[in-house]
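Since the structure comes first, as structure tokens, the remarks are kept for the end.
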There are 2 protein chains.
Amino acid sequence: MEQRIERIKKQLHSQSYKLTPQREATVRVLLEHEEDHLSAEDVYLLVKEKSPEIGLATVYRTLELLTELKVVDKINFGDGVSRYDLRQEGATHFHHHLVCIECGSVDEIQEDLLGEVEKTVEKRWEFKIKDHRLTFHGICKQCNQKENETEEKV
Amino acid sequence: MEQRIERIKKQLHSQSYKLTPQREATVRVLLEHEEDHLSAEDVYLLVKEKSPEIGLATVYRTLELLTELKVVDKINFGDGVSRYDLRQEGATHFHHHLVCIECGSVDEIQEDLLGEVEKTVEKRWEFKIKDHRLTFHGICKQCNQKENETEEKV
DNA sequence: GTAAGTGCAAAGGATTTGCAGGCGA
DNA sequence: TCGCCTGCAAATCCTTTGCACTTAC
């Protein structure tokens, strides 16, 4: 935790940004909720618990800054709000998501499954890939099991 | 064109929706701009050219309806507006996109490149895939060429 | 001292909603 | 006729911005 904060601090400094108390509080919330996909409002409420004087605009500004530095990725699952997802340390590519259309849960896939696909795209479309977004919509393990149980009863 | 409208009409009727003149005008605009990725506002302005009395809310309501029927897909490239993309006739999967971070152009990939990847995901994560979203961010052919020319001059 | 960073409130932009009127089956 | 559909305007929601104040170096 402290190491990662330290590293983010250096990253900020390298571009002449400061790690202010508000920014640190925001980063800590992101680190503590790495598995979740928090919206700006979510982050704001969580930061507020420990630092009640913070403003929503500051959270937005911090998240924008972190997105620019590629510390977080801004994602959109089509529900009207942007969500922010911490990048894995050293990850060159954005991880993938599994969105369940039954229960709304979002799981992450850290593995890079697109190696071959990207080679094909770069060659065939002469497109230099810098990043990608891949989301699968479907039914998660848990909901699948529930459905099967229901069917058995019928 | 007329055939596709006819088919969409049937699809609406099968769910007891009507193909009103406003809805038809909206669908026509979508068909005429299949290659583009129009926002609701874009669609509204184009429909207005031929049917000036239409309201923006109606366009939003129509696009929502078409999304529900899977006639169009609602996509989001992170620029704050939703865009609407006609599904290929009979396509079971959503096509992919190449977004250029230099010039903002959006190209489409109709081929399904994810066959193998999806098999892996379904098996390994026990997730039943219903649809996917895949977008590559990078530099398009045209911008690549421009960049190379500039380098040669330097 | 100065520039970057902050909080608040107001503004902005996209989308949705309430409602009265219209229209097609 | 009845209920779906529409247009308009107002409302709502998320996000950004202006501004005066604070803070760190």
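For the structure tokens, the naming scheme is as follows: chains receive sequential letters (A, B, ...) according to their order of presentation, residues are indexed from 1 within each chain, and ligands are indexed from 1 in presentation order.
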Using only C-alpha atoms (C1' of nucleotides), what table do you get, as JSON lines, when you list each residue of chain A with an atom no more than 12 Å from chain D, its nearest pair of atoms, and their distance in Å rounded to one decimal, rows by chain then rising number?
{"residue": "A:Lys18", "atom": "CA", "partner": "D:DA24", "partner_atom": "C1'", "distance": 9.5}
{"residue": "A:Leu19", "atom": "CA", "partner": "D:DA24", "partner_atom": "C1'", "distance": 11.2}
{"residue": "A:Thr20", "atom": "CA", "partner": "D:DA24", "partner_atom": "C1'", "distance": 9.5}
{"residue": "A:Pro21", "atom": "CA", "partner": "D:DT23", "partner_atom": "C1'", "distance": 11.2}
{"residue": "A:Ser39", "atom": "CA", "partner": "D:DC14", "partner_atom": "C1'", "distance": 10.4}
{"residue": "A:Ala40", "atom": "CA", "partner": "D:DC14", "partner_atom": "C1'", "distance": 9.4}
{"residue": "A:Glu41", "atom": "CA", "partner": "D:DC14", "partner_atom": "C1'", "distance": 9.3}
{"residue": "A:Leu56", "atom": "CA", "partner": "D:DT15", "partner_atom": "C1'", "distance": 10.1}
{"residue": "A:Ala57", "atom": "CA", "partner": "D:DT16", "partner_atom": "C1'", "distance": 8.4}
{"residue": "A:Thr58", "atom": "CA", "partner": "D:DT16", "partner_atom": "C1'", "distance": 11.1}
{"residue": "A:Val59", "atom": "CA", "partner": "D:DT15", "partner_atom": "C1'", "distance": 11.2}
{"residue": "A:Tyr60", "atom": "CA", "partner": "D:DT15", "partner_atom": "C1'", "distance": 8.0}
{"residue": "A:Arg61", "atom": "CA", "partner": "D:DT16", "partner_atom": "C1'", "distance": 9.3}
{"residue": "A:Leu63", "atom": "CA", "partner": "D:DT15", "partner_atom": "C1'", "distance": 11.9}
{"residue": "A:Glu64", "atom": "CA", "partner": "D:DT15", "partner_atom": "C1'", "distance": 11.0}
{"residue": "A:Asp79", "atom": "CA", "partner": "D:DC14", "partner_atom": "C1'", "distance": 11.3}
{"residue": "A:Gly80", "atom": "CA", "partner": "D:DC14", "partner_atom": "C1'", "distance": 7.9}
{"residue": "A:Val81", "atom": "CA", "partner": "D:DC14", "partner_atom": "C1'", "distance": 6.9}
{"residue": "A:Ser82", "atom": "CA", "partner": "D:DC14", "partner_atom": "C1'", "distance": 8.9}
{"residue": "A:Arg83", "atom": "CA", "partner": "D:DC14", "partner_atom": "C1'", "distance": 11.9}
Check the DSSP output for the backbone and give back, as a PyMOL selection string, the residues of chain A in alpha helix (DSSP H). chain A and resi 2-13+21-32+40-50+56-68+115-125+141-153
I need the strand (DSSP E) residues of chain B per DSSP on the backbone, written as a PyMOL selection string. chain B and resi 38-39+72-76+82-86+96-100+106-109+128-139
Selected residues written out with C-alpha atoms, as a JSON list (two decimals), in the first residue's frame:
[["chain", "number", "residue", "atom", "x", "y", "z"],
["B", 38, "LEU", "CA", -24.24, 9.04, -34.74],
["B", 39, "SER", "CA", -25.16, 10.53, -31.41],
["B", 72, "VAL", "CA", -29.11, -0.87, -32.83],
["B", 73, "ASP", "CA", -26.34, -1.00, -30.28],
["B", 74, "LYS", "CA", -25.69, 1.85, -27.93],
["B", 75, "ILE", "CA", -21.99, 2.55, -27.65],
["B", 76, "ASN", "CA", -19.83, 4.92, -25.77],
["B", 82, "SER", "CA", -23.93, 7.78, -26.47],
["B", 83, "ARG", "CA", -23.70, 6.72, -30.07],
["B", 84, "TYR", "CA", -25.97, 4.35, -31.92],
["B", 85, "ASP", "CA", -24.83, 1.71, -34.33],
["B", 86, "LEU", "CA", -27.04, -0.41, -36.52],
["B", 96, "HIS", "CA", -15.50, -4.09, -33.13],
["B", 97, "HIS", "CA", -14.16, -0.57, -33.37],
["B", 98, "LEU", "CA", -10.87, 1.14, -34.10],
["B", 99, "VAL", "CA", -10.77, 4.59, -32.53],
["B", 100, "CYS", "CA", -7.92, 6.86, -33.60],
["B", 106, "VAL", "CA", -13.83, 5.44, -35.91],
["B", 107, "ASP", "CA", -13.53, 2.41, -38.15],
["B", 108, "GLU", "CA", -15.40, -0.83, -37.90],
["B", 109, "ILE", "CA", -14.25, -4.41, -37.96],
["B", 128, "LYS", "CA", -22.00, -17.53, -20.46],
["B", 129, "ILE", "CA", -21.23, -14.85, -23.03],
["B", 130, "LYS", "CA", -24.17, -13.12, -24.67],
["B", 131, "ASP", "CA", -22.40, -10.18, -26.27],
["B", 132, "HIS", "CA", -19.19, -8.24, -26.23],
["B", 133, "ARG", "CA", -17.68, -4.82, -26.72],
["B", 134, "LEU", "CA", -14.21, -4.53, -28.16],
["B", 135, "THR", "CA", -12.59, -1.22, -28.99],
["B", 136, "PHE", "CA", -8.99, -0.59, -29.89],
["B", 137, "HIS", "CA", -7.51, 2.81, -29.24],
["B", 138, "GLY", "CA", -4.51, 3.77, -31.30],
["B", 139, "ILE", "CA", -3.30, 5.46, -34.44]]
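With the cut-off set to 10 Å and only C-alpha atoms (C1' of nucleotides) counted, chain C residues close to chain A are DA4, DG5, DT6, DG7, DC8, DA14 and DT15 of chain C.
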